[in-house]
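The next block holds one structure in the form of structure tokens; read it before the comments.
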Amino acid sequence: MIRLYDTIEPNVIDEELLKLAVEEQGPQEAAGQVAKQEGINFKDVRSLQLDFQNILRIDNLWQFVSLTKLQLDNNIIEKIDGLESLVNLVWLDLSFNNIESIEGLDTLVNLEDLSLFSNRIAKMDAMDSLVKLQVFSIGNNMLDNLLNVIYLRRFKFLRSLNLAGNPICEEEDYKLFVTAYLPDLVYLDFRLIDAHTRELGGTKYQYSIYELKHWENQIQSKLEEEQANIAELEKHKAAYVEYLNGPYLFDSLYLEDVEAAKLAYLPGVPELLETYPFSSLFDYGLIQQEKRKAEVALFYECLEEALQDNRAQGLKTIDDFEKIHSEILNTIRNASDLQVVDTKMNECTEEINRLFDVLMTLEMQLVEQLEESINSFERNITDIVGVFVENVQGLYPFNGCRDLENHHHEKLLEISINTLEKIVKSEFDEDLPDDVRAVFSDKDTVVNAVGASHDIHLLKIDNREDELITKVTSWCTAIVDKVHNDEHNRNRKRVKEINQYVDHLQTELDNFDFGDLID
């Protein structure tokens with residue numbers, strides 16, 4: 001199970017080894033020669049075989065982003081790493097190595113077939129992201145706890161499992177346990193699971209499985225709830241009103257307010273602490289987000305419609321041209337008179353020039369149409385955001401929150417001054433902590449403490465308002481800039497395509513083979 005490398009120098013996966021492997025496994029003969037001449041692009045390779053190479057460490061595979069099959073079996077690999085970029089991998093063979101733990105597979109979300117046969121693994125874990133796993137071979141390892149099989153229940157598509165050669169296989173109820181806890185498994189240790197074995201396992205472990213399912217359902221419900229909360233929060237963030245549907249902002253005012261914490265001990269202060277009125281702003285923010293989404297969706301719908309119409313006209317123009325162009329070329333091929341050839345060549349050039357003019361005219365018409373649509377979209381989305389910002393600053397509760405904070409400040413100052421007077425007159429019977437009582441040494445100290453608390457609260461309210469306005473205006477600017485840039489790039493690309501196509505036609509015409517006519 002342990003492969004030694006005392007007498008053989010460990011190999012590394014370098015550029016030379018990768019090129020050699022790709023060349024040997026790629027197309028041969030003429031196709032292979034062409035590939036060598038043009039250069040090997042690792043990004044296009046879909047299958048790679050690196051077995052029996054005495055490789056100690058997985059490395060330098062980051063370019064193989066299209067790889068779907070990778071063989072690294074029969075090496076001396078000790079750790080699974082270096083596979084992060086192979087997100088399209090479907091089949092991975094790491095059998096006959098020196099791997100001690102399962103790791104480094106987090107990004108392989110498309111993996112369906114995994115072999116870790118004949119390694120030194122003692123525990124099955126760290127495979128949660130392999131949601132498509134169907135075939136798993138981990139035989140001839142060091143798995144000694146049958147309960148570890150329960151981990152595999154999360155793989156809903158697992159149908160073939162090989163555990164043969166592990167210590168757990170020596171346990172009396174090994175097959176019954178595995179088939180009971182993995183009811184969707186079809187093959188175990190390369191053998192078809194028969195109905196009798198499945199029935200015996202289900203009966204023997206029915207009560208423990210019932211409890212396990214109950215626990216799994218609770219975990220799943222909690223997970224779904226967490227995912228729903230995350231999705232809801234993302235929705236609120238998109239509307240820039242996150243945490244404004246509850247006491248979060250109000251509570252945050254007191255997190256770093258040392259003076260407020262002291263003053264909270266005074267009689268009557270707890271009653272002042274009430275949730276700030278942000279529900280109306282929260283609801284309004286969500287409504288405005290839907291308006292922004294609708295406006296963006298409508299713009300892109302109109303944009304796509306205009307592009308499709310223009311594309312259809314362009315294709316028809318090219319199709320009509322190619323029919324005429326083909327007829328003229330055929331006439332030239334069959335002509336026996338140089339004067340006819342010369343006339344048709346000129347006619348062909350005129351058709352190419354006419355095609356260029358039509359395609360460029362279509363493009364300019366599209367540019368004008370899209371410019372009008374983009375300008376209209378910019379006005380609409382800017383107006384929507386502007387109204388939202390105006391209402392945030394004026395009609396909705398940030399000002400109300402400030403009013404409430406001012407009222408709170410006045411009441412708190414009144415309570416604090418009254419408390420000071422009672423303390424001075426020895427009429428205050430409440431037991432206060434020493435640091436709180438120190439605040440009431442004189443009137444200036446009391447006023448400064450209450451004022452400092454008030455300033456902190458107003459600053460946080462102002463910051464939250466500024467944050468909301470900055471984010472929504474930045475989003476507006478970003479999406480408008482993106483629309484303009486996308487159109488600019490589209491236009492440049494289209495003009496380049498037209499010029500390249502016309503140049504190709506003209507070059508083809510200039511290099512036309514007149515054959516026997518010239519002879």
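As shown in the structure tokens, the chain order sets the letters A, B, ...; within each chain, residues go from 1, and ligands are also counted from 1 in the order they appear.
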
So which bits of region 81-235 of chain A end up strand (DSSP E or B) when you DSSP the backbone, as a JSON list (two decimals) with N, CA and C atoms, in the first residue's frame?
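Result file selection25.json:
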```
[["chain", "number", "residue", "atom", "x", "y", "z"],
["A", 91, "TRP", "N", -13.88, 12.76, -14.21],
["A", 91, "TRP", "CA", -13.28, 11.46, -13.88],
["A", 91, "TRP", "C", -11.88, 11.71, -13.32],
["A", 92, "LEU", "N", -11.62, 11.21, -12.10],
["A", 92, "LEU", "CA", -10.32, 11.42, -11.45],
["A", 92, "LEU", "C", -9.83, 10.13, -10.82],
["A", 93, "ASP", "N", -8.63, 9.72, -11.19],
["A", 93, "ASP", "CA", -8.03, 8.49, -10.66],
["A", 93, "ASP", "C", -6.76, 8.84, -9.89],
["A", 113, "ASP", "N", -16.86, 10.41, -11.08],
["A", 113, "ASP", "CA", -16.15, 9.14, -10.82],
["A", 113, "ASP", "C", -14.82, 9.46, -10.14],
["A", 114, "LEU", "N", -14.65, 8.95, -8.91],
["A", 114, "LEU", "CA", -13.44, 9.21, -8.13],
["A", 114, "LEU", "C", -12.86, 7.90, -7.61],
["A", 115, "SER", "N", -11.58, 7.69, -7.89],
["A", 115, "SER", "CA", -10.89, 6.50, -7.37],
["A", 115, "SER", "C", -9.74, 6.92, -6.46],
["A", 135, "VAL", "N", -19.71, 7.26, -8.82],
["A", 135, "VAL", "CA", -18.85, 6.09, -8.62],
["A", 135, "VAL", "C", -17.69, 6.48, -7.70],
["A", 136, "PHE", "N", -17.51, 5.71, -6.62],
["A", 136, "PHE", "CA", -16.47, 6.03, -5.64],
["A", 136, "PHE", "C", -15.76, 4.76, -5.23],
["A", 137, "SER", "N", -14.46, 4.73, -5.49],
["A", 137, "SER", "CA", -13.64, 3.57, -5.12],
["A", 137, "SER", "C", -12.60, 4.00, -4.09],
["A", 160, "SER", "N", -22.31, 3.32, -7.20],
["A", 160, "SER", "CA", -21.29, 2.26, -7.13],
["A", 160, "SER", "C", -20.23, 2.65, -6.11],
["A", 161, "LEU", "N", -19.99, 1.73, -5.14],
["A", 161, "LEU", "CA", -19.03, 2.00, -4.07],
["A", 161, "LEU", "C", -18.13, 0.78, -3.87],
["A", 162, "ASN", "N", -16.84, 1.04, -3.80],
["A", 162, "ASN", "CA", -15.88, -0.03, -3.53],
["A", 162, "ASN", "C", -15.14, 0.26, -2.23],
["A", 187, "TYR", "N", -24.23, -1.03, -6.70],
["A", 187, "TYR", "CA", -23.09, -1.96, -6.68],
["A", 187, "TYR", "C", -22.24, -1.68, -5.45],
["A", 188, "LEU", "N", -21.85, -2.74, -4.75],
["A", 188, "LEU", "CA", -20.94, -2.67, -3.62],
["A", 188, "LEU", "C", -19.79, -3.62, -3.85],
["A", 191, "ARG", "N", -19.99, -5.72, -6.98],
["A", 191, "ARG", "CA", -21.03, -6.74, -7.08],
["A", 191, "ARG", "C", -22.40, -6.08, -6.96],
["A", 192, "LEU", "N", -23.34, -6.58, -7.73],
["A", 192, "LEU", "CA", -24.71, -6.08, -7.68],
["A", 192, "LEU", "C", -25.35, -6.44, -6.33]]
```

Considering only C-alpha atoms, return as a ChimeraX atom specification whatever protein or nucleic-acid residues lie within 12 Å of region 345-356 of chain A, sequence-local ones (same chain, fewer than 3 positions apart) excluded.
-> /A:314-333,335,338-342,359-363,495-512,514

Got a sec: who's within 9 Å of region 301-306 of chain A, counting only C-alpha atoms, leaving out chain neighbours fewer than 4 positions off, as a ChimeraX atom specification?
-> /A:296-297,310-311,366,369-370,373-374

Atomic distance CA of Gln220 (chain A) - CA of Lys156 (chain A), expressed in Å with one decimal =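 A separation of 13.8 Å between them.
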
Residue contacts of region 398-400 of chain A (12 Å, only C-alpha atoms) excluding same-chain residues fewer than 6 positions away, as a PyMOL selection string = chain A and resi 244+249-250+275-282+389-392+406-407+458-466+468-469

Among region 207-258 of chain A, which residues carry a DSSP assignment of alpha helix (DSSP H), reported as a PyMOL selection string?
-> chain A and resi 207-238+248-252+258

Could you dump the residues just selected with C-alpha atoms as a compact mmCIF listing (two decimals), in the first residue's frame?
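So the final result, stored in part.txt, reads:
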```
# COMPACT_ATOMS: atom_id res chain seq x y z
CA TYR A 207 -34.91 1.99 13.98
CA SER A 208 -31.48 3.60 13.91
CA ILE A 209 -32.09 4.74 10.33
CA TYR A 210 -35.44 6.22 11.36
CA GLU A 211 -33.69 8.30 14.02
CA LEU A 212 -30.97 9.26 11.55
CA LYS A 213 -33.53 10.41 8.98
CA HIS A 214 -35.28 12.50 11.62
CA TRP A 215 -31.98 14.17 12.48
CA GLU A 216 -31.16 14.66 8.77
CA ASN A 217 -34.56 16.28 8.18
CA GLN A 218 -33.93 18.70 11.03
CA ILE A 219 -30.52 19.59 9.62
CA GLN A 220 -32.00 20.01 6.13
CA SER A 221 -34.78 22.25 7.42
CA LYS A 222 -32.25 24.39 9.26
CA LEU A 223 -30.07 24.56 6.16
CA GLU A 224 -32.99 25.58 3.96
CA GLU A 225 -33.97 28.23 6.47
CA GLU A 226 -30.42 29.60 6.50
CA GLN A 227 -30.30 29.62 2.70
CA ALA A 228 -33.65 31.41 2.56
CA ASN A 229 -32.39 34.00 5.03
CA ILE A 230 -29.24 34.53 2.97
CA ALA A 231 -31.29 34.91 -0.22
CA GLU A 232 -33.61 37.35 1.52
CA LEU A 233 -30.66 39.36 2.82
CA GLU A 234 -29.17 39.52 -0.69
CA LYS A 235 -32.51 40.84 -1.92
CA HIS A 236 -32.44 43.52 0.78
CA LYS A 237 -28.83 44.42 -0.08
CA ALA A 238 -29.79 44.82 -3.73
CA TYR A 248 -30.51 46.60 13.95
CA LEU A 249 -29.73 50.27 13.32
CA PHE A 250 -31.17 51.33 16.65
CA ASP A 251 -29.20 48.64 18.46
CA SER A 252 -26.02 49.60 16.60
CA VAL A 258 -19.88 53.85 26.49
```

Neighbour list for Leu72 (chain A) as a list in words, cut-off 7 Å, only C-alpha atoms, skip fewer than 4 positions in-chain =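 So, after excluding close chain neighbours, the residues are Gln49, Leu50, Asp51, Asp93 and Leu94 of chain A.
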
Write a file of the just-selected residues containing all heavy atoms, as a tab-separated table (two decimals), in the first residue's frame.
```tsv
chain	number	residue	atom	x	y	z
A	49	GLN	N	-3.23	11.79	-19.05
A	49	GLN	CA	-2.79	10.57	-18.38
A	49	GLN	C	-1.37	10.76	-17.85
A	49	GLN	O	-0.43	10.90	-18.62
A	49	GLN	CB	-2.84	9.40	-19.37
A	49	GLN	CG	-2.58	8.05	-18.74
A	49	GLN	CD	-2.80	6.92	-19.74
A	49	GLN	OE1	-3.50	7.10	-20.74
A	49	GLN	NE2	-2.19	5.78	-19.48
A	50	LEU	N	-1.23	10.76	-16.52
A	50	LEU	CA	0.07	10.96	-15.88
A	50	LEU	C	0.35	9.83	-14.89
A	50	LEU	O	0.88	10.05	-13.80
A	50	LEU	CB	0.09	12.32	-15.15
A	50	LEU	CG	-0.01	13.57	-16.02
A	50	LEU	CD1	-0.17	14.82	-15.16
A	50	LEU	CD2	1.21	13.71	-16.94
A	51	ASP	N	0.00	8.63	-15.25
A	51	ASP	CA	0.23	7.49	-14.37
A	51	ASP	C	1.65	6.95	-14.53
A	51	ASP	O	2.32	7.19	-15.53
A	51	ASP	CB	-0.80	6.38	-14.66
A	51	ASP	CG	-0.82	5.98	-16.12
A	51	ASP	OD1	-0.37	6.80	-16.96
A	51	ASP	OD2	-1.29	4.89	-16.44
A	93	ASP	N	-8.63	9.72	-11.19
A	93	ASP	CA	-8.03	8.49	-10.66
A	93	ASP	C	-6.76	8.84	-9.89
A	93	ASP	O	-5.77	9.28	-10.46
A	93	ASP	CB	-7.70	7.53	-11.80
A	93	ASP	CG	-7.29	6.16	-11.29
A	93	ASP	OD1	-7.12	6.00	-10.06
A	93	ASP	OD2	-7.12	5.22	-12.12
A	94	LEU	N	-6.82	8.66	-8.57
A	94	LEU	CA	-5.67	8.87	-7.69
A	94	LEU	C	-5.30	7.58	-6.97
A	94	LEU	O	-4.74	7.61	-5.87
A	94	LEU	CB	-5.99	9.97	-6.67
A	94	LEU	CG	-6.01	11.41	-7.21
A	94	LEU	CD1	-6.70	12.34	-6.22
A	94	LEU	CD2	-4.60	11.89	-7.51
```

Surrounding residues of Leu56 (chain A) excluding itself and chain neighbours under 6 positions, 10 Å, only C-alpha atoms, as a list in words =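 These residues fall inside the cut-off: Tyr5, Glu9, Pro10, Asn11, Val12, Ile13, Asn75, Ile76, Ile77, Glu78, Lys79, Asn97 and Asn98 of chain A.
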
Take the residues that were just selected and, keeping N, CA and C atoms, output them as a PDB file, in the first residue's frame.
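Final output, result20.pdb:
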```
ATOM      1  N   TYR A   5      10.156   5.617  -2.643  1.00  0.00           N
ATOM      2  CA  TYR A   5      10.922   6.269  -3.699  1.00  0.00           C
ATOM      3  C   TYR A   5      12.369   6.481  -3.264  1.00  0.00           C
ATOM      4  N   GLU A   9      14.366   8.855  -8.100  1.00  0.00           N
ATOM      5  CA  GLU A   9      14.187  10.275  -7.833  1.00  0.00           C
ATOM      6  C   GLU A   9      12.728  10.664  -8.088  1.00  0.00           C
ATOM      7  N   PRO A  10      12.054  11.308  -7.107  1.00  0.00           N
ATOM      8  CA  PRO A  10      10.672  11.747  -7.325  1.00  0.00           C
ATOM      9  C   PRO A  10      10.582  12.704  -8.506  1.00  0.00           C
ATOM     10  N   ASN A  11       9.526  12.573  -9.263  1.00  0.00           N
ATOM     11  CA  ASN A  11       9.328  13.387 -10.454  1.00  0.00           C
ATOM     12  C   ASN A  11       8.422  14.575 -10.129  1.00  0.00           C
ATOM     13  N   VAL A  12       8.538  15.620 -10.915  1.00  0.00           N
ATOM     14  CA  VAL A  12       7.673  16.788 -10.754  1.00  0.00           C
ATOM     15  C   VAL A  12       6.874  16.992 -12.042  1.00  0.00           C
ATOM     16  N   ILE A  13       5.688  17.562 -11.892  1.00  0.00           N
ATOM     17  CA  ILE A  13       4.867  17.857 -13.062  1.00  0.00           C
ATOM     18  C   ILE A  13       5.308  19.222 -13.592  1.00  0.00           C
ATOM     19  N   ASN A  75       1.518   6.548  -8.668  1.00  0.00           N
ATOM     20  CA  ASN A  75       2.597   7.492  -8.414  1.00  0.00           C
ATOM     21  C   ASN A  75       2.953   7.415  -6.935  1.00  0.00           C
ATOM     22  N   ILE A  76       3.561   8.454  -6.392  1.00  0.00           N
ATOM     23  CA  ILE A  76       3.911   8.475  -4.962  1.00  0.00           C
ATOM     24  C   ILE A  76       3.347   9.741  -4.313  1.00  0.00           C
ATOM     25  N   ILE A  77       2.202  10.179  -4.805  1.00  0.00           N
ATOM     26  CA  ILE A  77       1.553  11.404  -4.328  1.00  0.00           C
ATOM     27  C   ILE A  77       1.135  11.233  -2.866  1.00  0.00           C
ATOM     28  N   GLU A  78       1.438  12.226  -2.036  1.00  0.00           N
ATOM     29  CA  GLU A  78       1.129  12.164  -0.610  1.00  0.00           C
ATOM     30  C   GLU A  78      -0.036  13.069  -0.209  1.00  0.00           C
ATOM     31  N   LYS A  79      -0.351  14.048  -1.044  1.00  0.00           N
ATOM     32  CA  LYS A  79      -1.389  15.019  -0.690  1.00  0.00           C
ATOM     33  C   LYS A  79      -2.172  15.421  -1.927  1.00  0.00           C
ATOM     34  N   ASN A  97      -1.389   5.439  -4.578  1.00  0.00           N
ATOM     35  CA  ASN A  97      -0.501   6.525  -4.174  1.00  0.00           C
ATOM     36  C   ASN A  97      -0.264   6.418  -2.669  1.00  0.00           C
ATOM     37  N   ASN A  98       0.220   7.477  -2.052  1.00  0.00           N
ATOM     38  CA  ASN A  98       0.488   7.487  -0.609  1.00  0.00           C
ATOM     39  C   ASN A  98      -0.367   8.526   0.117  1.00  0.00           C
TER      40      ASN A  98
END
```
